[in-house]
$ cat protein_7.cif   # mmCIF, C-alpha atoms
data_upload
loop_
_atom_site.label_atom_id
_atom_site.label_comp_id
_atom_site.auth_asym_id
_atom_site.auth_seq_id
_atom_site.Cartn_x
_atom_site.Cartn_y
_atom_site.Cartn_z
CA MET A 1 66.26 -58.87 43.90
CA PRO A 2 67.70 -55.30 43.87
CA ALA A 3 69.58 -53.98 40.86
CA ALA A 4 73.34 -53.67 41.14
CA ARG A 5 73.86 -49.93 40.62
CA ILE A 6 76.94 -48.47 38.98
CA PRO A 7 78.01 -44.82 39.36
CA ILE A 8 77.39 -42.74 36.24
CA HIS A 9 81.10 -41.96 35.87
CA ALA A 10 81.81 -45.70 35.68
CA ILE A 11 79.30 -46.53 32.96
CA LYS A 12 81.88 -45.61 30.32
CA GLY A 13 79.71 -45.38 27.24
CA ARG A 14 77.16 -48.03 28.16
CA GLY A 15 73.42 -47.50 27.83
CA ALA A 16 72.01 -49.15 30.94
CA ALA A 17 72.98 -47.96 34.40
CA THR A 18 72.35 -51.23 36.24
CA HIS A 19 72.55 -55.00 36.06
CA LEU A 20 68.76 -55.02 36.23
CA ALA A 21 67.33 -58.24 37.67
CA HIS A 22 65.25 -60.02 35.05
CA ARG A 23 61.84 -61.62 35.43
CA PHE A 24 63.30 -65.14 35.73
CA SER A 25 65.87 -64.21 38.36
CA ARG A 26 66.39 -66.77 41.25
CA ASP A 27 87.72 -57.02 24.81
CA GLU A 28 89.65 -55.33 22.95
CA ARG A 29 88.55 -54.08 19.49
CA ASN A 30 90.38 -53.14 16.34
CA ALA A 31 90.29 -49.39 15.77
CA PHE A 32 87.41 -48.34 13.50
CA ASP A 33 86.03 -44.98 12.42
CA ASP A 34 82.64 -44.75 14.11
CA GLY A 35 82.45 -40.97 13.83
CA TRP A 36 83.06 -40.26 17.51
CA GLY A 37 86.73 -39.32 17.11
CA THR A 38 87.96 -42.53 18.71
CA LEU A 39 90.76 -42.79 16.14
CA GLU A 40 92.11 -39.32 16.87
CA GLU A 41 95.47 -39.12 18.57
CA GLY A 42 95.05 -38.69 22.29
CA ALA A 43 91.39 -39.68 22.32
CA ALA A 44 90.79 -41.50 25.61
CA GLU A 45 88.34 -41.82 28.44
CA ALA A 46 88.55 -38.96 30.86
CA GLU A 47 87.87 -41.03 33.94
CA ASP A 48 90.39 -43.23 35.69
CA LEU A 49 88.10 -46.21 36.09
CA PRO A 50 88.46 -48.90 33.40
CA PRO A 51 85.54 -49.34 31.02
CA LEU A 52 83.14 -52.21 31.50
CA ALA A 53 84.63 -55.09 29.54
CA THR A 54 82.81 -56.92 26.76
CA GLU A 55 82.66 -60.70 27.06
CA VAL A 56 81.92 -62.82 24.00
CA ARG A 57 80.53 -66.31 24.44
CA PHE A 58 79.94 -68.81 21.66
CA GLU A 59 77.04 -71.14 21.03
CA ASP A 60 76.11 -73.78 18.48
CA VAL A 61 72.58 -73.36 17.22
CA LYS A 62 70.25 -75.96 15.77
CA SER A 63 68.24 -73.58 13.58
CA VAL A 64 68.82 -70.16 12.08
CA LEU A 65 65.85 -68.88 10.10
CA ASN A 66 63.00 -67.55 12.22
CA GLU A 67 59.56 -67.60 10.63
CA ASN A 68 57.68 -64.33 11.06
CA GLU A 69 54.17 -64.78 12.40
CA SER A 70 53.59 -61.10 13.16
CA PRO A 71 51.19 -59.39 10.73
CA ASP A 72 52.73 -55.97 11.47
CA VAL A 73 56.20 -56.94 10.18
CA SER A 74 56.98 -56.80 6.45
CA PHE A 75 59.55 -59.61 6.16
CA ASP A 76 58.81 -63.36 6.12
CA ARG A 77 61.95 -64.67 7.82
CA SER A 78 64.76 -63.26 9.90
CA LEU A 79 68.13 -64.31 11.24
CA ASN A 80 70.45 -62.83 13.84
CA PRO A 81 74.14 -63.77 14.16
CA TYR A 82 74.38 -62.44 17.72
CA ARG A 83 72.47 -62.29 20.98
CA GLY A 84 72.92 -59.08 22.92
CA CYS A 85 74.30 -55.90 21.39
CA GLU A 86 77.25 -53.78 22.34
CA HIS A 87 75.64 -50.64 20.90
CA GLY A 88 73.76 -50.37 24.19
CA CYS A 89 70.64 -48.60 22.88
CA ILE A 90 68.58 -48.03 26.01
CA TYR A 91 65.26 -48.46 24.18
CA CYS A 92 66.12 -51.80 22.50
CA PHE A 93 63.07 -54.07 22.52
CA ALA A 94 65.37 -57.13 22.32
CA ARG A 95 66.87 -56.59 25.78
CA PRO A 96 64.39 -58.96 27.51
CA THR A 97 65.68 -61.90 25.43
CA HIS A 98 68.76 -62.00 27.66
CA SER A 99 66.47 -63.06 30.50
CA TYR A 100 66.05 -66.43 28.80
CA LEU A 101 69.81 -66.88 29.17
CA ASN A 102 69.60 -66.03 32.89
CA LEU A 103 71.41 -62.77 32.16
CA SER A 104 70.42 -59.20 32.91
CA PRO A 105 68.63 -57.24 30.17
CA GLY A 106 70.59 -54.27 31.53
CA LEU A 107 74.36 -54.20 31.40
CA ASP A 108 74.66 -57.94 30.64
CA PHE A 109 72.80 -57.37 27.35
CA GLU A 110 75.52 -54.90 26.35
CA THR A 111 78.56 -56.66 27.80
CA LYS A 112 77.86 -60.42 27.66
CA LEU A 113 77.35 -61.18 23.98
CA ILE A 114 76.57 -64.50 22.36
CA ALA A 115 77.97 -65.34 18.91
CA LYS A 116 76.34 -68.15 16.93
CA ARG A 117 79.56 -69.61 15.61
CA ASN A 118 77.97 -72.32 13.44
CA ILE A 119 75.32 -70.08 11.92
CA VAL A 120 76.60 -70.36 8.34
CA GLU A 121 76.76 -74.16 8.40
CA VAL A 122 73.22 -74.39 9.78
CA LEU A 123 71.93 -71.81 7.29
CA ARG A 124 73.52 -73.75 4.43
CA ALA A 125 71.70 -76.87 5.56
CA GLU A 126 68.37 -75.03 5.86
CA LEU A 127 68.68 -73.44 2.42
CA GLY A 128 69.58 -76.85 0.98
CA ARG A 129 66.43 -78.64 2.10
CA LYS A 130 64.28 -79.89 -0.75
CA SER A 131 61.25 -78.26 0.82
CA TYR A 132 62.88 -74.84 1.12
CA LYS A 133 61.33 -71.99 -0.83
CA PRO A 134 63.06 -68.59 -0.95
CA SER A 135 61.38 -65.71 0.84
CA HIS A 136 62.27 -62.26 2.11
CA VAL A 137 64.95 -62.58 4.80
CA ALA A 138 65.84 -59.75 7.15
CA ILE A 139 69.25 -59.80 8.87
CA GLY A 140 69.76 -58.12 12.23
CA THR A 141 66.17 -57.58 13.29
CA ALA A 142 66.77 -58.19 17.01
CA THR A 143 70.36 -57.07 17.50
CA ASP A 144 72.66 -55.20 15.14
CA CYS A 145 74.42 -57.57 12.75
CA TYR A 146 77.28 -55.04 12.41
CA GLN A 147 77.87 -54.35 16.09
CA PRO A 148 81.57 -53.99 17.03
CA ILE A 149 82.34 -57.71 17.49
CA GLU A 150 81.44 -58.31 13.82
CA ARG A 151 84.69 -56.59 12.86
CA ASP A 152 86.58 -59.57 14.25
CA LEU A 153 84.13 -62.49 14.04
CA ARG A 154 82.76 -61.71 10.53
CA LEU A 155 79.67 -63.86 10.95
CA THR A 156 77.49 -61.39 9.05
CA ARG A 157 79.94 -61.30 6.17
CA SER A 158 79.97 -65.11 6.02
CA ILE A 159 76.17 -65.13 5.89
CA ILE A 160 76.13 -62.64 3.02
CA GLU A 161 78.76 -64.71 1.18
CA LEU A 162 76.44 -67.72 1.39
CA LEU A 163 73.44 -65.66 0.26
CA GLN A 164 75.48 -64.40 -2.68
CA GLU A 165 76.46 -67.96 -3.57
CA THR A 166 72.82 -69.05 -3.54
CA GLN A 167 71.46 -65.82 -5.08
CA HIS A 168 69.12 -65.43 -2.10
CA PRO A 169 67.63 -61.97 -1.53
CA PHE A 170 68.01 -60.22 1.82
CA ALA A 171 67.68 -56.88 3.55
CA LEU A 172 69.46 -55.70 6.67
CA VAL A 173 69.13 -52.86 9.14
CA THR A 174 72.04 -51.36 11.04
CA LYS A 175 73.30 -48.33 12.96
CA SER A 176 76.91 -49.15 12.09
CA SER A 177 79.25 -47.76 9.47
CA ALA A 178 80.90 -51.21 9.41
CA VAL A 179 78.42 -52.29 6.73
CA GLU A 180 80.63 -50.41 4.25
CA ARG A 181 83.24 -53.16 4.63
CA ASP A 182 80.96 -55.60 2.82
CA LEU A 183 80.07 -53.43 -0.15
CA ASP A 184 82.08 -55.78 -2.37
CA LEU A 185 79.35 -58.35 -1.70
CA ILE A 186 76.30 -56.14 -1.20
CA ALA A 187 76.66 -53.86 -4.22
CA PRO A 188 76.78 -56.65 -6.87
CA MET A 189 73.79 -58.33 -5.22
CA ALA A 190 71.92 -55.02 -5.16
CA ALA A 191 72.51 -54.70 -8.90
CA GLN A 192 70.69 -58.03 -9.27
CA HIS A 193 67.82 -56.89 -7.03
CA LEU A 194 68.99 -59.21 -4.27
CA ALA A 195 69.96 -56.79 -1.48
CA ALA A 196 68.77 -53.67 0.32
CA VAL A 197 70.05 -51.86 3.41
CA TYR A 198 68.29 -49.71 5.99
CA VAL A 199 70.27 -47.40 8.25
CA THR A 200 68.73 -46.24 11.52
CA VAL A 201 69.18 -42.55 12.29
CA THR A 202 67.26 -41.75 15.45
CA THR A 203 68.42 -38.14 15.75
CA LEU A 204 70.97 -35.72 14.31
CA ASP A 205 71.84 -34.54 17.83
CA GLY A 206 75.21 -36.15 18.59
CA GLU A 207 74.98 -35.51 22.33
CA LEU A 208 71.57 -37.18 22.53
CA ALA A 209 72.67 -40.09 20.29
CA ARG A 210 75.62 -40.69 22.61
CA LYS A 211 73.18 -41.14 25.49
CA LEU A 212 70.54 -43.14 23.61
CA GLU A 213 72.85 -45.36 21.55
CA PRO A 214 76.25 -45.01 23.23
CA ARG A 215 78.31 -47.41 21.09
CA ALA A 216 76.59 -46.99 17.74
CA ALA A 217 78.09 -44.79 15.03
CA ALA A 218 77.61 -41.03 15.33
CA PRO A 219 74.66 -39.58 13.37
CA HIS A 220 76.85 -37.80 10.80
CA ARG A 221 78.77 -41.05 10.26
CA ARG A 222 75.54 -42.93 9.56
CA LEU A 223 74.58 -40.31 6.98
CA ARG A 224 77.94 -40.83 5.33
CA THR A 225 77.21 -44.56 5.26
CA ILE A 226 73.87 -43.89 3.55
CA ARG A 227 75.70 -41.82 0.93
CA THR A 228 78.35 -44.50 0.42
CA LEU A 229 75.72 -47.21 -0.04
CA ALA A 230 73.62 -45.11 -2.40
CA GLU A 231 76.62 -44.13 -4.53
CA ALA A 232 77.46 -47.84 -4.82
CA GLY A 233 73.99 -48.51 -6.25
CA VAL A 234 72.51 -50.14 -3.14
CA PRO A 235 68.83 -49.40 -2.46
CA VAL A 236 69.06 -47.71 0.92
CA GLY A 237 66.36 -46.62 3.32
CA VAL A 238 66.34 -44.79 6.62
CA SER A 239 64.68 -45.86 9.83
CA VAL A 240 63.78 -42.98 12.16
CA ALA A 241 62.78 -45.41 14.88
CA PRO A 242 61.96 -45.20 17.64
CA GLN A 243 60.18 -41.91 18.07
CA ILE A 244 60.23 -40.89 21.74
CA PRO A 245 58.09 -37.92 22.80
CA PHE A 246 60.12 -34.94 24.10
CA VAL A 247 63.40 -36.80 23.48
CA ASN A 248 64.23 -37.06 19.76
CA GLU A 249 62.18 -34.29 18.21
CA ASP A 250 64.03 -33.72 14.92
CA MET A 251 62.36 -36.35 12.73
CA GLU A 252 61.82 -33.96 9.81
CA GLN A 253 65.45 -32.87 9.83
CA VAL A 254 66.62 -36.50 9.94
CA LEU A 255 64.46 -37.36 6.94
CA GLU A 256 65.76 -34.38 4.97
CA ALA A 257 69.38 -35.24 5.75
CA ALA A 258 68.85 -38.91 4.86
CA TRP A 259 67.23 -37.96 1.53
CA GLU A 260 70.12 -35.65 0.73
CA ALA A 261 72.51 -38.53 1.48
CA GLY A 262 70.67 -40.87 -0.91
CA ALA A 263 68.01 -42.75 1.06
CA ARG A 264 64.80 -43.22 -0.90
CA SER A 265 62.59 -45.16 1.53
CA ALA A 266 61.78 -44.47 5.16
CA PHE A 267 59.83 -45.86 8.09
CA TYR A 268 59.32 -45.23 11.78
CA THR A 269 57.99 -46.83 14.94
CA VAL A 270 57.25 -45.39 18.36
CA ILE A 271 59.15 -46.51 21.43
CA ARG A 272 58.29 -49.99 22.75
CA LEU A 273 58.86 -50.86 26.41
CA PRO A 274 58.21 -54.61 26.83
CA TRP A 275 59.11 -56.41 30.03
CA GLU A 276 62.39 -55.18 31.53
CA VAL A 277 62.85 -52.40 28.98
CA ALA A 278 60.33 -50.26 30.89
CA PRO A 279 62.24 -50.05 34.20
CA LEU A 280 65.55 -49.67 32.34
CA PHE A 281 64.19 -46.77 30.30
CA LYS A 282 62.75 -45.12 33.40
CA GLU A 283 66.16 -45.41 35.09
CA TRP A 284 67.73 -43.84 32.01
CA LEU A 285 65.25 -40.96 32.11
CA ALA A 286 65.93 -40.38 35.80
CA LEU A 287 69.65 -40.35 35.09
CA HIS A 288 69.71 -38.13 31.99
CA TYR A 289 66.42 -36.19 31.93
CA PRO A 290 65.04 -36.09 35.48
CA GLN A 291 63.11 -32.84 34.99
CA ARG A 292 61.07 -34.13 32.05
CA ALA A 293 60.90 -37.85 32.90
CA ASP A 294 57.30 -37.74 34.13
CA ARG A 295 56.17 -35.81 31.07
CA ILE A 296 57.85 -38.29 28.72
CA MET A 297 56.30 -41.30 30.43
CA ALA A 298 52.88 -39.63 30.46
CA ARG A 299 52.99 -39.30 26.66
CA ILE A 300 54.16 -42.91 26.28
CA HIS A 301 51.27 -44.05 28.49
CA GLU A 302 48.93 -41.98 26.35
CA MET A 303 50.07 -43.94 23.28
CA ARG A 304 49.79 -47.29 25.09
CA GLY A 305 46.34 -47.16 26.64
CA GLY A 306 47.63 -45.97 30.00
CA LYS A 307 50.31 -48.67 30.26
CA ASP A 308 54.05 -48.84 29.69
CA TYR A 309 53.44 -51.11 26.69
CA ASP A 310 50.71 -52.88 24.76
CA ALA A 311 51.84 -55.83 22.64
CA ASP A 312 48.75 -55.91 20.41
CA PHE A 313 49.88 -56.55 16.82
CA ALA A 314 47.54 -53.87 15.50
CA THR A 315 49.05 -51.06 17.59
CA ARG A 316 52.43 -52.03 19.04
CA MET A 317 54.54 -50.39 16.31
CA LYS A 318 52.74 -47.04 16.10
CA GLY A 319 50.68 -46.72 19.29
CA THR A 320 47.21 -45.20 19.63
CA GLY A 321 45.70 -41.91 20.68
CA LEU A 322 46.30 -38.26 19.95
CA TRP A 323 50.06 -38.26 20.44
CA ALA A 324 50.58 -41.33 18.25
CA ASP A 325 48.43 -39.71 15.57
CA LEU A 326 50.50 -36.52 15.70
CA ILE A 327 53.71 -38.51 15.17
CA ARG A 328 52.09 -40.37 12.27
CA GLN A 329 50.99 -37.12 10.63
CA ARG A 330 54.44 -35.57 11.06
CA PHE A 331 56.09 -38.57 9.44
CA GLU A 332 53.65 -38.88 6.56
CA LYS A 333 53.70 -35.17 5.73
CA ALA A 334 57.48 -34.98 5.84
CA ALA A 335 57.99 -38.20 3.88
CA ASN A 336 55.50 -37.14 1.20
CA ARG A 337 56.95 -33.64 0.92
CA ILE A 338 60.50 -34.91 0.58
CA GLY A 339 59.65 -37.78 -1.79
CA PHE A 340 60.19 -40.96 0.23
CA ASN A 341 58.52 -44.31 -0.52
CA ARG A 342 57.36 -43.38 -4.03
CA GLU A 343 59.08 -46.29 -5.71
CA ARG A 344 59.78 -49.74 -4.30
CA ILE A 345 62.36 -52.02 -5.89
CA PRO A 346 61.21 -55.60 -5.19
CA LEU A 347 63.80 -58.19 -4.34
CA ASP A 348 64.12 -61.05 -6.81
CA LEU A 349 62.98 -64.38 -5.36
CA GLY A 350 63.35 -66.23 -8.65
CA ALA A 351 67.14 -66.29 -8.86
CA PHE A 352 67.64 -68.62 -5.88
CA ARG A 353 69.70 -71.77 -6.40
CA PRO A 354 70.29 -74.23 -3.55
CA PRO A 355 73.74 -74.50 -1.99
CA GLY A 356 76.03 -76.63 -4.11
CA ALA A 357 74.09 -75.98 -7.30
CA ALA A 358 76.16 -72.95 -8.20
CA GLY A 359 78.57 -73.62 -11.00
CA GLN A 360 77.47 -77.24 -11.52
CA GLY A 361 77.33 -77.95 -15.23
CA SER A 362 76.09 -81.05 -16.97
CA LEU A 363 78.36 -84.08 -16.96
CA PHE A 364 77.11 -85.14 -20.41
#

$ encode --input "protein_7.cif" --output "C-alpha cells"
Amino acid sequence: MPAARIPIHAIKGRGAATHLAHRFSRDERNAFDDGWGTLEEGAAEAEDLPPLATEVRFEDVKSVLNENESPDVSFDRSLNPYRGCEHGCIYCFARPTHSYLNLSPGLDFETKLIAKRNIVEVLRAELGRKSYKPSHVAIGTATDCYQPIERDLRLTRSIIELLQETQHPFALVTKSSAVERDLDLIAPMAAQHLAAVYVTVTTLDGELARKLEPRAAAPHRRLRTIRTLAEAGVPVGVSVAPQIPFVNEDMEQVLEAAWEAGARSAFYTVIRLPWEVAPLFKEWLALHYPQRADRIMARIHEMRGGKDYDADFATRMKGTGLWADLIRQRFEKAANRIGFNRERIPLDLGAFRPPGAAGQGSLF
C-alpha cells in the first residue's frame, strides 16, 4: 500500500511527510507561549494552504498503570493520558503504537490523537485496591503528557491532583513549557520528595529543533522551563535524547546550558528506529538532509549491528560499536565535568495513603 505523500509546503509544522501505511494495513488551540513567537502580532503561516487539522478522539480505558518489565528502564510503572502526540517528533519510538489502532504511524500519529477521558477514575480504583503497593510511576513515557491538547483537556493535571491527594510519588518527562501551569501542585509535592521533572532538550539549534520536533517548545523556552522548575524547588533533570549522528551534535552545549538553568541530573539515549519509525525517519532525512542521509544511516547501522534497529534490552538504549562508544564517552565526560548526577534525591514511597483515606479522622 503506497504512502499518501503531501507536498513539503503543505506539511505546516508536522514532523512526518506522509500517511505511512502501517504493518497491519488492509482544532483550534488556546494561545500559549511555546517560544516560537506564535503569540506575536502578525505571526501566521506564510503559505496559503490550511494547516493539517488535529482531531481528538476519546476512549474509556479499563486499566491505567503499565508494569515495566524492561530491565533497561529505571521506573517500575508508567501511565500515559494520551495516544499519539501533536509534537510530531520524527524519531518518536511510540509512533508504531498507532498501527494497533489501524492508524498511520506517520501523520495520523500527529493529527489523530486519543484522549483517555476516564483515566483518573480508573487510576483512583487501581490505587485503592487492597493489594496495591506504591512504586515509582513515570508519566508521559510514550507520548508527551503536556502536548498541546493538555491545555484544554487537563488530564495530566487531574492525574497529578489525585497523586497529590494520595501522596504518591511520580516523575514526568516533557518537551513542553506547559508543565509550568501545574507548579502549584508539583512544587509542594517536590518539597515532600514526591515529584521530579525531566525536560528533554535535544539541541540548542532552533532551526533543527523545528524540523525534528516541530510542535514542541523551542529550545530556549525549554531552558526557561528548567529554570522555572528549579527556582520553585523541583528536582529537575535534562534528557539529551535521542542522540543522532551528524544531526544533533551539540550535546555538550546542551548539558552546559541545562546546568546553568538549574538541571542537576542528565541522561541520554541513541536514536531508536523500531518498525515504521525507520522508513519515516529515512523519508525525513531525504526531505531535510538528502546530502548526508546515507552517512547518517550508515552510523545508525553501525550502532545497531548492521540493522535499522535492534530491540535487545541490553543494547537498545545506547547501541553498540565504536560510534555508540564515542557518544557514551562524550556524555560521561561532559556530565562529569559539569557536575551532573552526583546526588540523587529519592522519591518517598512511604507517604502513600489510599484514595479516600486522606483527611479521615477517627469517629471515636

$ atom_distance --input "protein_7.cif" --atom1 "atom CA of Asn68 of chain A" --atom2 "atom CA of Asn80 of chain A"
13.2 Å

$ residues_around --input "protein_7.cif" --residues "segment 137-154 of chain A" --least-positions-apart "6" --cutoff "6 Å" --atoms "all atoms listed in the file" --output "list in words"
Arg77, Ser78, Leu79, Asn80, Cys85, Ala94, Phe170, Ala171, Leu172, Thr174 and Ser176 of chain A

$ residues_around --input "protein_7.cif" --residues "Thr315 of chain A" --least-positions-apart "6" --cutoff "12 Å" --atoms "all atoms listed in the file" --output "ChimeraX atom specification"
/A:70-73,269-272,303-305,309,321,324-325

$ resolve_selection --input "protein_7.cif" --expression "the PyMOL selection byres ((chain A and resi 277) around 7)" --output "list of chain:residue names"
A:Tyr91, A:Phe93, A:Arg95, A:Pro96, A:Leu273, A:Pro274, A:Trp275, A:Glu276, A:Ala278, A:Pro279, A:Leu280, A:Phe281

$ atom_distance --input "protein_7.cif" --atom1 "atom CA of Leu349 of chain A" --atom2 "atom CA of Glu231 of chain A"
24.4 Å

$ residues_around --input "protein_7.cif" --residues "segment 296-299 of chain A" --least-positions-apart "2" --cutoff "10 Å" --atoms "only C-alpha atoms" --output "list in words"
Ile244, Pro245, Phe246, Val247, Ala278, Phe281, Lys282, Leu285, Tyr289, Gln291, Arg292, Ala293, Asp294, His301, Glu302, Met303, Arg304, Gly306, Lys307, Asp308, Gly321, Leu322, Trp323 and Ala324 of chain A

$ closest_residue --input "protein_7.cif" --among "A:Glu86, A:Glu332, A:Glu126, A:Asp310" --to "Asp108 of chain A" --atoms "all atoms listed in the file"
A:Glu86

$ atom_distance --input "protein_7.cif" --atom1 "atom CA of Leu287 of chain A" --atom2 "atom CA of Ile90 of chain A"
11.9 Å

$ residues_around --input "protein_7.cif" --residues "segment 162-167 of chain A" --least-positions-apart "5" --cutoff "12 Å" --atoms "all atoms listed in the file" --output "PyMOL selection string"
chain A and resi 119-128+134-139+155-157+182+184-195+347-359

$ write_last_selection --input "protein_7.cif" --atoms "C-alpha atoms" --output "compact mmCIF listing (two decimals), in the frame of the given file"
# COMPACT_ATOMS: atom_id res chain seq x y z
CA ILE A 119 75.32 -70.08 11.92
CA VAL A 120 76.60 -70.36 8.34
CA GLU A 121 76.76 -74.16 8.40
CA VAL A 122 73.22 -74.39 9.78
CA LEU A 123 71.93 -71.81 7.29
CA ARG A 124 73.52 -73.75 4.43
CA ALA A 125 71.70 -76.87 5.56
CA GLU A 126 68.37 -75.03 5.86
CA LEU A 127 68.68 -73.44 2.42
CA GLY A 128 69.58 -76.85 0.98
CA PRO A 134 63.06 -68.59 -0.95
CA SER A 135 61.38 -65.71 0.84
CA HIS A 136 62.27 -62.26 2.11
CA VAL A 137 64.95 -62.58 4.80
CA ALA A 138 65.84 -59.75 7.15
CA ILE A 139 69.25 -59.80 8.87
CA LEU A 155 79.67 -63.86 10.95
CA THR A 156 77.49 -61.39 9.05
CA ARG A 157 79.94 -61.30 6.17
CA ASP A 182 80.96 -55.60 2.82
CA ASP A 184 82.08 -55.78 -2.37
CA LEU A 185 79.35 -58.35 -1.70
CA ILE A 186 76.30 -56.14 -1.20
CA ALA A 187 76.66 -53.86 -4.22
CA PRO A 188 76.78 -56.65 -6.87
CA MET A 189 73.79 -58.33 -5.22
CA ALA A 190 71.92 -55.02 -5.16
CA ALA A 191 72.51 -54.70 -8.90
CA GLN A 192 70.69 -58.03 -9.27
CA HIS A 193 67.82 -56.89 -7.03
CA LEU A 194 68.99 -59.21 -4.27
CA ALA A 195 69.96 -56.79 -1.48
CA LEU A 347 63.80 -58.19 -4.34
CA ASP A 348 64.12 -61.05 -6.81
CA LEU A 349 62.98 -64.38 -5.36
CA GLY A 350 63.35 -66.23 -8.65
CA ALA A 351 67.14 -66.29 -8.86
CA PHE A 352 67.64 -68.62 -5.88
CA ARG A 353 69.70 -71.77 -6.40
CA PRO A 354 70.29 -74.23 -3.55
CA PRO A 355 73.74 -74.50 -1.99
CA GLY A 356 76.03 -76.63 -4.11
CA ALA A 357 74.09 -75.98 -7.30
CA ALA A 358 76.16 -72.95 -8.20
CA GLY A 359 78.57 -73.62 -11.00

$ closest_residue --input "protein_7.cif" --among "A:Lys318, A:Arg83, A:Arg330, A:Arg337" --to "Pro242 of chain A" --atoms "only C-alpha atoms"
A:Lys318

$ closest_residue --input "protein_7.cif" --among "A:Glu180, A:Asp250, A:Glu59, A:Glu256" --to "Arg222 of chain A" --atoms "only C-alpha atoms"
A:Glu180

$ axis_aligned_box --input "protein_7.cif" --around "segment 223-236 of chain A" --padding-each-side "5 Å" --output "JSON"
{"center_x": 73.6, "center_y": -45.2, "center_z": 0.4, "size_x": 19.5, "size_y": 19.8, "size_z": 23.2}
